[in-house]
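Q: Would you mind keeping the following structure in view while I ask a few things?
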Amino acid sequence: MATEQQTVGAGRIGAVLDRLGPTWLAGAIAAGPATMASLLVAGASFGYALLWVVVLSAVLGTVGQYLAMRLGLLTEAGIVTVVERHLGSFWAWVLVVDVVLAAGLAQLVIMKTLAGVSATIVESAGVGTAALIDPRFWGVLWAVILALGLAGGGYRLAEVGAKLLVSIVVVAFVASAFVVPIDPVAAASGLKPAIPAGVDGALVAAGILGGAVHITLLTMQSYTMRARGWTARDADIATFDVVSSMFVAFGIFSLGVFLVAASVLPSAGVDPATIDGVGAAQTLGPIAGEYATWLFLAGLLGAAVSTLGGNTIVPPYLLADKLDWEQSVTDGRYRAAIVAVALASAVGAFLEGAFFQLLVLTLAFGLVGTPFAIAVILSLLNDPAVVPETNSLPANFGGLALFVVAVVLAGEFVLAELETVTEPASAFVVAFAAAMVLALVGLAGRFVQDRIAAN
(Lines give C-alpha, C1' and ligand atoms only; values in the text may rest on other atoms or scores of the structure.)
Protein backbone atom coordinates (compact mmCIF):
# COMPACT_ATOMS: atom_id res chain seq x y z
CA MET A 1 0.00 0.00 0.00
CA ALA A 2 2.82 2.39 0.93
CA THR A 3 4.55 1.74 -2.38
CA GLU A 4 1.31 2.37 -4.24
CA GLN A 5 0.74 5.66 -2.36
CA GLN A 6 4.33 6.73 -3.08
CA THR A 7 3.79 5.98 -6.76
CA VAL A 8 0.59 8.03 -6.81
CA GLY A 9 2.32 10.85 -4.94
CA ALA A 10 5.26 10.82 -7.30
CA GLY A 11 2.87 10.82 -10.23
CA ARG A 12 1.06 13.89 -8.91
CA ILE A 13 4.34 15.73 -8.34
CA GLY A 14 5.45 14.80 -11.85
CA ALA A 15 2.16 16.07 -13.28
CA VAL A 16 2.59 19.41 -11.48
CA LEU A 17 6.19 19.80 -12.64
CA ASP A 18 5.17 18.95 -16.19
CA ARG A 19 2.62 21.77 -16.16
CA LEU A 20 5.12 24.41 -15.03
CA GLY A 21 6.75 26.53 -17.66
CA PRO A 22 5.66 30.05 -18.70
CA THR A 23 7.33 31.95 -15.87
CA TRP A 24 10.28 29.56 -15.89
CA LEU A 25 10.99 30.81 -19.41
CA ALA A 26 10.94 34.37 -18.06
CA GLY A 27 13.14 33.23 -15.18
CA ALA A 28 15.63 31.67 -17.60
CA ILE A 29 15.89 35.00 -19.43
CA ALA A 30 16.18 36.86 -16.12
CA ALA A 31 19.02 34.57 -15.04
CA GLY A 32 20.91 35.34 -18.24
CA PRO A 33 24.36 36.79 -18.89
CA ALA A 34 23.24 40.39 -18.28
CA THR A 35 22.02 39.64 -14.76
CA MET A 36 25.10 37.53 -14.08
CA ALA A 37 27.31 40.41 -15.24
CA SER A 38 25.43 42.93 -13.08
CA LEU A 39 25.79 40.75 -9.99
CA LEU A 40 29.49 40.11 -10.62
CA VAL A 41 30.26 43.77 -11.28
CA ALA A 42 28.26 44.75 -8.17
CA GLY A 43 30.22 42.35 -5.99
CA ALA A 44 33.58 43.35 -7.49
CA SER A 45 32.82 47.08 -7.25
CA PHE A 46 31.07 47.48 -3.90
CA GLY A 47 31.42 44.25 -1.97
CA TYR A 48 28.17 43.46 -0.13
CA ALA A 49 26.79 47.02 -0.32
CA LEU A 50 24.10 46.20 -2.90
CA LEU A 51 22.81 43.02 -1.26
CA TRP A 52 19.53 44.84 -0.53
CA VAL A 53 18.97 45.35 -4.27
CA VAL A 54 19.66 41.65 -4.94
CA VAL A 55 17.06 40.56 -2.37
CA LEU A 56 14.60 43.20 -3.55
CA SER A 57 15.00 42.11 -7.16
CA ALA A 58 13.78 38.58 -6.40
CA VAL A 59 10.81 39.87 -4.38
CA LEU A 60 9.76 42.54 -6.86
CA GLY A 61 10.45 40.28 -9.85
CA THR A 62 7.94 37.85 -8.36
CA VAL A 63 5.39 40.64 -7.80
CA GLY A 64 5.79 41.87 -11.37
CA GLN A 65 5.31 38.45 -12.95
CA TYR A 66 2.36 37.76 -10.64
CA LEU A 67 0.58 40.90 -11.80
CA ALA A 68 1.35 40.14 -15.46
CA MET A 69 0.13 36.59 -14.88
CA ARG A 70 -3.20 37.82 -13.41
CA LEU A 71 -3.81 40.12 -16.36
CA GLY A 72 -3.10 37.33 -18.83
CA LEU A 73 -5.32 34.79 -17.04
CA LEU A 74 -8.26 37.13 -16.46
CA THR A 75 -8.33 38.54 -20.00
CA GLU A 76 -7.19 35.39 -21.85
CA ALA A 77 -5.53 37.63 -24.45
CA GLY A 78 -2.13 39.07 -25.26
CA ILE A 79 -1.28 42.26 -23.43
CA VAL A 80 -1.13 44.37 -26.62
CA THR A 81 -4.63 43.28 -27.59
CA VAL A 82 -5.92 44.15 -24.11
CA VAL A 83 -4.27 47.58 -24.22
CA GLU A 84 -5.68 48.30 -27.69
CA ARG A 85 -9.20 47.28 -26.68
CA HIS A 86 -9.36 49.34 -23.51
CA LEU A 87 -6.78 52.13 -23.89
CA GLY A 88 -6.58 52.56 -27.63
CA SER A 89 -4.23 51.92 -30.54
CA PHE A 90 -1.85 54.75 -29.62
CA TRP A 91 -1.04 53.27 -26.22
CA ALA A 92 -0.68 49.83 -27.75
CA TRP A 93 1.96 51.21 -30.13
CA VAL A 94 3.75 52.97 -27.26
CA LEU A 95 4.01 49.64 -25.45
CA VAL A 96 5.23 47.84 -28.59
CA VAL A 97 7.91 50.46 -29.29
CA ASP A 98 9.01 50.42 -25.64
CA VAL A 99 9.47 46.64 -25.73
CA VAL A 100 11.15 46.57 -29.14
CA LEU A 101 13.74 49.15 -28.06
CA ALA A 102 14.52 47.41 -24.76
CA ALA A 103 14.55 43.91 -26.23
CA GLY A 104 16.46 45.07 -29.32
CA LEU A 105 19.30 46.56 -27.30
CA ALA A 106 19.43 43.43 -25.15
CA GLN A 107 19.56 41.29 -28.29
CA LEU A 108 22.60 43.14 -29.65
CA VAL A 109 24.57 43.10 -26.40
CA ILE A 110 23.81 39.47 -25.59
CA MET A 111 24.92 38.49 -29.09
CA LYS A 112 28.13 40.44 -28.50
CA THR A 113 28.58 38.40 -25.33
CA LEU A 114 27.90 35.11 -27.08
CA ALA A 115 30.26 35.96 -29.94
CA GLY A 116 33.01 37.12 -27.57
CA VAL A 117 32.77 34.05 -25.35
CA SER A 118 32.76 31.72 -28.36
CA ALA A 119 35.94 33.33 -29.70
CA THR A 120 37.57 33.23 -26.26
CA ILE A 121 36.81 29.52 -25.83
CA VAL A 122 38.29 28.67 -29.24
CA GLU A 123 41.35 30.84 -28.63
CA SER A 124 41.92 29.35 -25.15
CA ALA A 125 41.72 25.86 -26.64
CA GLY A 126 44.49 26.80 -29.06
CA VAL A 127 42.65 25.35 -32.06
CA GLY A 128 41.42 28.52 -33.76
CA THR A 129 42.49 30.18 -36.95
CA ALA A 130 42.41 33.96 -37.30
CA ALA A 131 38.78 33.76 -38.46
CA LEU A 132 37.68 31.45 -35.63
CA ILE A 133 38.96 33.76 -32.91
CA ASP A 134 37.21 36.77 -34.45
CA PRO A 135 33.97 37.51 -32.51
CA ARG A 136 32.39 38.96 -35.66
CA PHE A 137 32.57 35.55 -37.35
CA TRP A 138 30.79 33.96 -34.41
CA GLY A 139 28.18 36.73 -34.30
CA VAL A 140 27.16 36.08 -37.89
CA LEU A 141 27.25 32.29 -37.42
CA TRP A 142 25.14 32.34 -34.26
CA ALA A 143 22.64 34.72 -35.88
CA VAL A 144 22.14 32.29 -38.77
CA ILE A 145 21.81 29.34 -36.38
CA LEU A 146 19.28 31.28 -34.30
CA ALA A 147 17.23 32.25 -37.36
CA LEU A 148 17.17 28.72 -38.79
CA GLY A 149 16.44 27.14 -35.44
CA LEU A 150 13.60 29.41 -34.32
CA ALA A 151 11.97 29.69 -37.74
CA GLY A 152 12.28 25.98 -38.45
CA GLY A 153 11.49 24.65 -34.99
CA GLY A 154 14.89 22.96 -34.58
CA TYR A 155 16.17 25.17 -31.79
CA ARG A 156 14.98 22.92 -28.96
CA LEU A 157 18.11 20.76 -28.73
CA ALA A 158 20.43 23.78 -28.50
CA GLU A 159 18.22 25.36 -25.86
CA VAL A 160 18.14 22.21 -23.71
CA GLY A 161 21.91 21.93 -23.91
CA ALA A 162 22.35 25.60 -23.06
CA LYS A 163 20.08 25.35 -20.02
CA LEU A 164 22.02 22.29 -18.85
CA LEU A 165 25.25 24.33 -18.93
CA VAL A 166 23.58 27.19 -17.07
CA SER A 167 22.24 24.80 -14.43
CA ILE A 168 25.70 23.35 -13.83
CA VAL A 169 27.19 26.83 -13.35
CA VAL A 170 24.35 27.92 -11.04
CA VAL A 171 24.96 24.83 -8.90
CA ALA A 172 28.68 25.68 -8.89
CA PHE A 173 27.95 29.22 -7.66
CA VAL A 174 25.61 27.97 -4.93
CA ALA A 175 28.18 25.36 -3.87
CA SER A 176 30.88 28.04 -3.84
CA ALA A 177 28.76 30.11 -1.46
CA PHE A 178 29.31 27.36 1.14
CA VAL A 179 33.05 27.27 0.50
CA VAL A 180 34.20 30.89 0.16
CA PRO A 181 34.70 32.92 3.37
CA ILE A 182 31.55 35.05 3.35
CA ASP A 183 31.61 37.70 6.08
CA PRO A 184 28.11 37.57 7.66
CA VAL A 185 28.47 40.93 9.45
CA ALA A 186 29.59 42.72 6.28
CA ALA A 187 26.89 40.95 4.27
CA ALA A 188 24.21 42.00 6.77
CA SER A 189 25.31 45.62 6.41
CA GLY A 190 24.49 45.35 2.71
CA LEU A 191 20.79 44.96 3.56
CA LYS A 192 20.60 48.67 4.44
CA PRO A 193 19.22 50.52 1.37
CA ALA A 194 21.88 52.85 -0.01
CA ILE A 195 23.37 53.41 -3.45
CA PRO A 196 27.19 53.65 -3.45
CA ALA A 197 28.54 57.02 -4.50
CA GLY A 198 29.44 57.60 -8.10
CA VAL A 199 27.88 56.99 -11.48
CA ASP A 200 28.57 53.28 -11.45
CA GLY A 201 26.61 52.75 -8.24
CA ALA A 202 23.36 53.92 -9.82
CA LEU A 203 24.10 52.02 -13.03
CA VAL A 204 24.81 48.71 -11.30
CA ALA A 205 21.84 49.00 -8.91
CA ALA A 206 19.52 49.67 -11.86
CA GLY A 207 21.12 46.77 -13.73
CA ILE A 208 20.49 44.31 -10.88
CA LEU A 209 16.81 45.26 -10.53
CA GLY A 210 16.44 45.42 -14.31
CA GLY A 211 17.41 41.76 -14.52
CA ALA A 212 14.29 40.71 -12.61
CA VAL A 213 11.89 43.56 -13.37
CA HIS A 214 12.18 44.05 -17.11
CA ILE A 215 9.57 45.08 -19.62
CA THR A 216 10.28 42.08 -21.85
CA LEU A 217 9.57 39.67 -18.98
CA LEU A 218 6.35 41.44 -17.99
CA THR A 219 4.93 41.59 -21.50
CA MET A 220 5.89 38.09 -22.64
CA GLN A 221 4.01 36.47 -19.72
CA SER A 222 0.58 36.70 -21.34
CA TYR A 223 1.83 35.13 -24.57
CA THR A 224 3.65 32.20 -22.98
CA MET A 225 0.59 31.42 -20.85
CA ARG A 226 -1.63 31.56 -23.91
CA ALA A 227 0.73 29.12 -25.63
CA ARG A 228 0.13 26.80 -22.66
CA GLY A 229 -3.63 27.31 -22.88
CA TRP A 230 -3.91 28.58 -19.31
CA THR A 231 -7.09 30.36 -18.20
CA ALA A 232 -8.44 31.75 -14.91
CA ARG A 233 -9.07 28.14 -13.81
CA ASP A 234 -5.30 27.62 -13.74
CA ALA A 235 -4.64 30.43 -11.25
CA ASP A 236 -3.23 28.11 -8.57
CA ILE A 237 -0.66 26.40 -10.78
CA ALA A 238 0.18 29.75 -12.42
CA THR A 239 0.85 31.32 -9.02
CA PHE A 240 3.06 28.40 -8.02
CA ASP A 241 4.83 28.74 -11.38
CA VAL A 242 5.61 32.41 -10.64
CA VAL A 243 6.77 31.91 -7.05
CA SER A 244 8.87 28.81 -7.72
CA SER A 245 10.67 30.31 -10.70
CA MET A 246 11.17 33.98 -9.80
CA PHE A 247 11.30 34.01 -6.01
CA VAL A 248 12.88 30.63 -5.31
CA ALA A 249 14.98 29.66 -8.35
CA PHE A 250 15.94 33.16 -9.53
CA GLY A 251 16.42 34.32 -5.94
CA ILE A 252 18.84 31.48 -5.15
CA PHE A 253 20.73 32.13 -8.39
CA SER A 254 21.07 35.86 -7.66
CA LEU A 255 22.14 35.42 -4.05
CA GLY A 256 24.63 32.69 -4.92
CA VAL A 257 26.33 34.69 -7.68
CA PHE A 258 26.37 37.96 -5.73
CA LEU A 259 27.64 36.59 -2.41
CA VAL A 260 30.44 34.64 -4.08
CA ALA A 261 31.43 37.65 -6.21
CA ALA A 262 31.40 40.02 -3.21
CA SER A 263 33.56 37.59 -1.23
CA VAL A 264 36.09 36.63 -3.89
CA LEU A 265 36.56 39.41 -6.47
CA PRO A 266 37.50 42.42 -4.28
CA SER A 267 40.24 40.45 -2.49
CA ALA A 268 41.43 39.02 -5.82
CA GLY A 269 42.14 42.54 -7.05
CA VAL A 270 39.78 42.29 -10.05
CA ASP A 271 39.18 45.71 -11.61
CA PRO A 272 35.39 46.16 -12.10
CA ALA A 273 36.01 48.60 -14.96
CA THR A 274 37.87 46.00 -17.01
CA ILE A 275 36.35 42.75 -15.75
CA ASP A 276 35.90 40.08 -18.41
CA GLY A 277 34.89 36.43 -18.54
CA VAL A 278 38.31 35.17 -17.54
CA GLY A 279 38.55 37.55 -14.57
CA ALA A 280 34.99 36.78 -13.45
CA ALA A 281 35.78 33.04 -13.57
CA GLN A 282 37.86 33.52 -10.42
CA THR A 283 34.59 33.39 -8.49
CA LEU A 284 34.39 29.65 -9.18
CA GLY A 285 38.03 29.00 -8.29
CA PRO A 286 37.28 27.74 -4.75
CA ILE A 287 35.00 25.01 -6.09
CA ALA A 288 36.30 24.31 -9.60
CA GLY A 289 40.03 24.98 -9.24
CA GLU A 290 41.91 24.97 -12.52
CA TYR A 291 38.70 24.26 -14.42
CA ALA A 292 37.00 27.44 -13.16
CA THR A 293 37.61 29.42 -16.35
CA TRP A 294 36.24 26.69 -18.63
CA LEU A 295 33.23 26.10 -16.41
CA PHE A 296 32.38 29.78 -16.18
CA LEU A 297 32.80 30.42 -19.91
CA ALA A 298 30.67 27.39 -20.75
CA GLY A 299 27.92 28.60 -18.41
CA LEU A 300 28.10 32.13 -19.80
CA LEU A 301 27.84 30.73 -23.33
CA GLY A 302 24.85 28.59 -22.33
CA ALA A 303 23.15 31.54 -20.64
CA ALA A 304 23.64 33.68 -23.73
CA VAL A 305 22.24 31.01 -26.08
CA SER A 306 19.11 30.31 -23.99
CA THR A 307 18.49 34.02 -23.31
CA LEU A 308 18.85 34.93 -26.98
CA GLY A 309 16.33 32.27 -27.90
CA GLY A 310 13.73 33.64 -25.50
CA ASN A 311 14.47 37.30 -26.20
CA THR A 312 14.27 36.88 -29.99
CA ILE A 313 10.59 35.94 -29.92
CA VAL A 314 9.46 38.85 -27.71
CA PRO A 315 9.32 41.67 -30.34
CA PRO A 316 7.64 39.37 -32.93
CA TYR A 317 5.07 38.32 -30.30
CA LEU A 318 4.01 41.92 -29.66
CA LEU A 319 4.14 42.95 -33.33
CA ALA A 320 2.05 39.93 -34.31
CA ASP A 321 -0.47 40.75 -31.60
CA LYS A 322 -0.71 44.40 -32.71
CA LEU A 323 -0.94 43.60 -36.42
CA ASP A 324 -3.31 40.65 -35.93
CA TRP A 325 -0.93 37.97 -37.20
CA GLU A 326 -0.99 34.35 -36.11
CA GLN A 327 1.63 33.95 -33.37
CA SER A 328 3.06 30.83 -34.91
CA VAL A 329 5.74 29.99 -37.48
CA THR A 330 2.89 28.76 -39.69
CA ASP A 331 2.23 32.45 -40.38
CA GLY A 332 4.87 33.63 -42.84
CA ARG A 333 4.80 37.19 -41.51
CA TYR A 334 5.49 36.10 -37.93
CA ARG A 335 8.23 33.73 -39.08
CA ALA A 336 9.80 36.53 -41.17
CA ALA A 337 9.79 38.80 -38.09
CA ILE A 338 11.62 36.13 -36.06
CA VAL A 339 14.20 35.68 -38.82
CA ALA A 340 14.69 39.45 -39.09
CA VAL A 341 15.28 39.86 -35.34
CA ALA A 342 17.62 36.86 -35.25
CA LEU A 343 19.72 38.02 -38.20
CA ALA A 344 19.81 41.64 -37.02
CA SER A 345 21.36 40.46 -33.76
CA ALA A 346 24.61 39.76 -35.67
CA VAL A 347 25.24 43.52 -35.54
CA GLY A 348 25.93 43.10 -31.83
CA ALA A 349 29.22 41.34 -32.55
CA PHE A 350 30.49 44.52 -34.22
CA LEU A 351 29.79 46.79 -31.22
CA GLU A 352 32.71 48.42 -29.45
CA GLY A 353 33.31 48.10 -25.71
CA ALA A 354 33.64 45.36 -23.09
CA PHE A 355 30.56 43.16 -23.05
CA PHE A 356 30.36 42.91 -19.22
CA GLN A 357 29.87 46.67 -18.87
CA LEU A 358 27.47 46.76 -21.84
CA LEU A 359 25.37 43.99 -20.30
CA VAL A 360 24.86 46.04 -17.13
CA LEU A 361 23.96 49.10 -19.21
CA THR A 362 21.42 47.04 -21.17
CA LEU A 363 19.47 46.05 -18.06
CA ALA A 364 19.59 49.57 -16.68
CA PHE A 365 18.21 50.91 -19.97
CA GLY A 366 15.44 48.30 -19.92
CA LEU A 367 14.50 49.38 -16.41
CA VAL A 368 13.87 52.93 -17.70
CA GLY A 369 11.06 51.62 -19.90
CA THR A 370 9.64 49.25 -17.28
CA PRO A 371 7.60 51.68 -15.08
CA PHE A 372 5.34 52.39 -18.07
CA ALA A 373 4.58 48.67 -18.47
CA ILE A 374 3.91 48.35 -14.73
CA ALA A 375 1.54 51.33 -14.84
CA VAL A 376 -0.32 49.84 -17.81
CA ILE A 377 -0.76 46.50 -16.06
CA LEU A 378 -1.93 48.11 -12.80
CA SER A 379 -4.42 50.39 -14.56
CA LEU A 380 -5.93 47.47 -16.47
CA LEU A 381 -6.10 45.24 -13.39
CA ASN A 382 -8.07 47.94 -11.56
CA ASP A 383 -10.61 48.46 -14.34
CA PRO A 384 -13.77 46.32 -13.91
CA ALA A 385 -14.45 46.75 -17.61
CA VAL A 386 -11.20 44.86 -18.34
CA VAL A 387 -11.08 42.12 -15.70
CA PRO A 388 -13.92 40.36 -13.85
CA GLU A 389 -11.95 40.50 -10.59
CA THR A 390 -9.99 43.69 -9.95
CA ASN A 391 -6.81 43.79 -7.88
CA SER A 392 -6.93 43.20 -4.14
CA LEU A 393 -5.42 45.78 -1.77
CA PRO A 394 -2.26 43.66 -1.16
CA ALA A 395 -1.79 43.18 -4.92
CA ASN A 396 -2.10 46.92 -5.52
CA PHE A 397 0.27 47.67 -2.64
CA GLY A 398 2.84 45.27 -4.09
CA GLY A 399 2.39 46.74 -7.57
CA LEU A 400 2.75 50.29 -6.27
CA ALA A 401 5.91 49.36 -4.35
CA LEU A 402 7.28 47.76 -7.51
CA PHE A 403 6.49 50.90 -9.51
CA VAL A 404 8.08 53.26 -6.96
CA VAL A 405 11.30 51.25 -6.61
CA ALA A 406 11.62 50.90 -10.40
CA VAL A 407 11.10 54.66 -10.85
CA VAL A 408 13.62 55.56 -8.13
CA LEU A 409 16.40 53.27 -9.38
CA ALA A 410 15.75 54.13 -13.02
CA GLY A 411 15.71 57.81 -12.05
CA GLU A 412 19.06 57.50 -10.25
CA PHE A 413 20.52 55.92 -13.37
CA VAL A 414 19.13 58.60 -15.69
CA LEU A 415 20.36 61.42 -13.42
CA ALA A 416 23.82 59.87 -13.57
CA GLU A 417 23.60 59.74 -17.36
CA LEU A 418 22.82 63.47 -17.41
CA GLU A 419 26.40 64.11 -16.31
CA THR A 420 27.61 62.70 -19.65
CA VAL A 421 24.61 63.71 -21.77
CA THR A 422 26.88 65.05 -24.54
CA GLU A 423 27.84 61.44 -25.34
CA PRO A 424 25.51 59.69 -27.84
CA ALA A 425 24.65 56.73 -25.57
CA SER A 426 23.80 58.95 -22.60
CA ALA A 427 21.79 61.31 -24.80
CA PHE A 428 19.73 58.39 -26.11
CA VAL A 429 19.04 57.13 -22.56
CA VAL A 430 17.94 60.61 -21.42
CA ALA A 431 15.71 61.11 -24.49
CA PHE A 432 14.14 57.68 -23.98
CA ALA A 433 13.52 58.47 -20.30
CA ALA A 434 11.87 61.77 -21.20
CA ALA A 435 9.55 60.01 -23.65
CA MET A 436 8.64 57.45 -20.97
CA VAL A 437 7.86 60.21 -18.46
CA LEU A 438 5.51 61.86 -20.96
CA ALA A 439 3.88 58.48 -21.61
CA LEU A 440 3.36 57.93 -17.87
CA VAL A 441 1.82 61.39 -17.43
CA GLY A 442 -0.51 60.81 -20.36
CA LEU A 443 -1.50 57.36 -19.08
CA ALA A 444 -2.21 58.76 -15.60
CA GLY A 445 -4.40 61.47 -17.14
CA ARG A 446 -6.27 58.84 -19.17
CA PHE A 447 -6.81 56.69 -16.05
CA VAL A 448 -8.20 59.63 -14.01
CA GLN A 449 -10.43 60.69 -16.90
CA ASP A 450 -11.87 57.18 -17.22
CA ARG A 451 -12.52 56.91 -13.45
CA ILE A 452 -14.35 60.27 -13.47
CA ALA A 453 -16.44 59.19 -16.46
CA ALA A 454 -17.26 55.88 -14.78
CA ASN A 455 -18.57 57.65 -11.68
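Identifiers in this document derive from the order of the C-alpha coordinates: chains are assigned A, B, ..., residues are numbered from 1 separately in each chain, and ligands are numbered from 1 in order of occurrence.
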Could you list, as a short mmCIF file (atom, residue, chain, number, x, y, z; two decimals) with all heavy atoms, in the first residue's frame, every residue within 9 Å of Pro272 of chain A, counting only C-alpha atoms and ignoring same-chain residues fewer than 3 positions away?
A:
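And here is the file that came out, around.cif:
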data_model
loop_
_atom_site.label_atom_id
_atom_site.label_comp_id
_atom_site.auth_asym_id
_atom_site.auth_seq_id
_atom_site.Cartn_x
_atom_site.Cartn_y
_atom_site.Cartn_z
N LEU A 40 28.04 40.22 -10.76
CA LEU A 40 29.49 40.11 -10.62
C LEU A 40 30.15 41.48 -10.50
O LEU A 40 31.04 41.69 -9.67
CB LEU A 40 30.07 39.34 -11.81
CG LEU A 40 29.73 37.85 -11.88
CD1 LEU A 40 30.12 37.27 -13.24
CD2 LEU A 40 30.42 37.08 -10.77
N VAL A 41 29.71 42.42 -11.34
CA VAL A 41 30.26 43.77 -11.28
C VAL A 41 29.90 44.43 -9.96
O VAL A 41 30.71 45.14 -9.35
CB VAL A 41 29.76 44.61 -12.47
CG1 VAL A 41 30.16 46.08 -12.30
CG2 VAL A 41 30.32 44.07 -13.78
N ALA A 42 28.68 44.19 -9.46
CA ALA A 42 28.26 44.75 -8.17
C ALA A 42 29.15 44.24 -7.05
O ALA A 42 29.61 45.01 -6.19
CB ALA A 42 26.81 44.40 -7.89
N GLY A 43 29.39 42.93 -7.03
CA GLY A 43 30.22 42.35 -5.99
C GLY A 43 31.65 42.83 -6.07
O GLY A 43 32.29 43.14 -5.06
N ALA A 44 32.20 42.92 -7.30
CA ALA A 44 33.58 43.35 -7.49
C ALA A 44 33.74 44.83 -7.16
O ALA A 44 34.78 45.24 -6.64
CB ALA A 44 34.01 43.09 -8.94
N SER A 45 32.72 45.63 -7.43
CA SER A 45 32.82 47.08 -7.25
C SER A 45 32.57 47.52 -5.81
O SER A 45 33.29 48.37 -5.28
CB SER A 45 31.82 47.80 -8.16
OG SER A 45 32.03 47.48 -9.51
N LEU A 265 35.97 38.48 -5.50
CA LEU A 265 36.56 39.41 -6.47
C LEU A 265 37.29 40.61 -5.87
O LEU A 265 38.37 40.97 -6.35
CB LEU A 265 35.48 39.87 -7.46
CG LEU A 265 34.90 38.77 -8.36
CD1 LEU A 265 33.90 39.35 -9.34
CD2 LEU A 265 36.01 38.03 -9.10
N PRO A 266 36.75 41.28 -4.83
CA PRO A 266 37.50 42.42 -4.28
C PRO A 266 38.88 42.02 -3.75
O PRO A 266 39.87 42.71 -3.99
CB PRO A 266 36.60 42.93 -3.15
CG PRO A 266 35.23 42.51 -3.55
CD PRO A 266 35.42 41.17 -4.19
N ILE A 275 36.64 44.16 -15.97
CA ILE A 275 36.35 42.75 -15.75
C ILE A 275 35.86 42.08 -17.02
O ILE A 275 35.10 42.65 -17.80
CB ILE A 275 35.30 42.60 -14.62
CG1 ILE A 275 35.15 41.12 -14.22
CG2 ILE A 275 33.98 43.20 -15.01
CD1 ILE A 275 34.26 40.93 -13.00
N ASP A 276 36.34 40.86 -17.26
CA ASP A 276 35.90 40.08 -18.41
C ASP A 276 35.58 38.67 -17.94
O ASP A 276 35.61 38.38 -16.75
CB ASP A 276 36.96 40.08 -19.52
CG ASP A 276 38.31 39.54 -19.02
OD1 ASP A 276 38.36 38.95 -17.92
OD2 ASP A 276 39.31 39.72 -19.74
N GLN A 357 30.41 45.35 -19.18
CA GLN A 357 29.87 46.67 -18.87
C GLN A 357 28.63 46.98 -19.72
O GLN A 357 27.68 47.61 -19.25
CB GLN A 357 30.95 47.73 -19.08
CG GLN A 357 32.01 47.79 -17.99
CD GLN A 357 32.90 46.55 -17.95
OE1 GLN A 357 33.22 45.98 -19.00
NE2 GLN A 357 33.28 46.12 -16.78
#
Q: For Asp236 of chain A, list every protein, DNA or RNA residue within 12 Å, evaluated using only C-alpha atoms, and leave out those in the same chain fewer than 3 positions away; present the list as a PyMOL selection string.
A: chain A and resi 16+19-20+66+69-70+73+230-233+239-243
Q: May I ask for the distance between atom CA of Val55 of chain A and atom CA of Val179 of chain A, given in Å to one decimal place?
A: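 Value for the atom CA of Val55 of chain A-atom CA of Val179 of chain A distance: 21.0 Å.
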Q: At a cut-off of 10 Å, using only C-alpha atoms, what residues contact segment 312-326 of chain A? Leave out same-chain residues fewer than 6 positions from it and give the result as a VMD selection string.
A: chain A and resid 77 to 84 89 92 to 93 95 to 104 106 to 107 146 to 147 150 216 to 217 219 to 221 223 to 224 332 to 343 345
Q: Apply DSSP to the structure's backbone, then extract all residues of segment 277-335 of chain A labelled alpha helix (DSSP H) and return them as a ChimeraX atom specification.
A: /A:277-280,285-288,292-312,314-322,332-335
Q: Can you tell me how far atom CA of Val117 of chain A sits from atom CA of Leu301 of chain A, in Å to one decimal?
A: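 Pair atom CA of Val117 of chain A / atom CA of Leu301 of chain A returns 6.3 Å.
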Q: Counting only C-alpha atoms, which residue out of A:Gly348, A:Gly256, A:Gly366, A:Gly72 sits closest to Ala31 of chain A?
A: A:Gly256
Q: List as CSV every residue of segment 303-389 of chain A that is in contact with segment 432-441 of chain A, defined as an atom at most 12 Å from one of its atoms (using only C-alpha atoms), together with the nearest atom pair and the distance in Å rounded to one decimal, sorted by chain and then rising number.
A:
residue,atom,partner,partner_atom,distance
A:Ala364,CA,A:Ala433,CA,11.4
A:Phe365,CA,A:Phe432,CA,8.9
A:Gly366,CA,A:Phe432,CA,10.3
A:Leu367,CA,A:Ala433,CA,9.9
A:Val368,CA,A:Ala433,CA,6.1
A:Gly369,CA,A:Met436,CA,6.4
A:Thr370,CA,A:Met436,CA,9.0
A:Pro371,CA,A:Leu440,CA,8.0
A:Phe372,CA,A:Leu440,CA,5.9
A:Ala373,CA,A:Leu440,CA,9.4
A:Ile374,CA,A:Leu440,CA,10.1
A:Ala375,CA,A:Leu440,CA,7.5
A:Val376,CA,A:Leu440,CA,8.9
A:Ser379,CA,A:Leu440,CA,11.3
Q: Using only C-alpha atoms, which residues sit within 12 Å of Glu417 of chain A once same-chain residues fewer than 3 positions away are excluded, as a VMD selection string?
A: chain A and resid 198 to 203 361 364 to 365 368 410 to 414 420 to 433
Q: From the list A:Leu218, A:Ala177, A:Ala212, A:Met246, which residue is nearest Trp24 of chain A when using only C-alpha atoms?
A: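 Between A:Leu218, A:Ala177, A:Ala212, A:Met246, the residue approaching Trp24 of chain A most closely is A:Met246.
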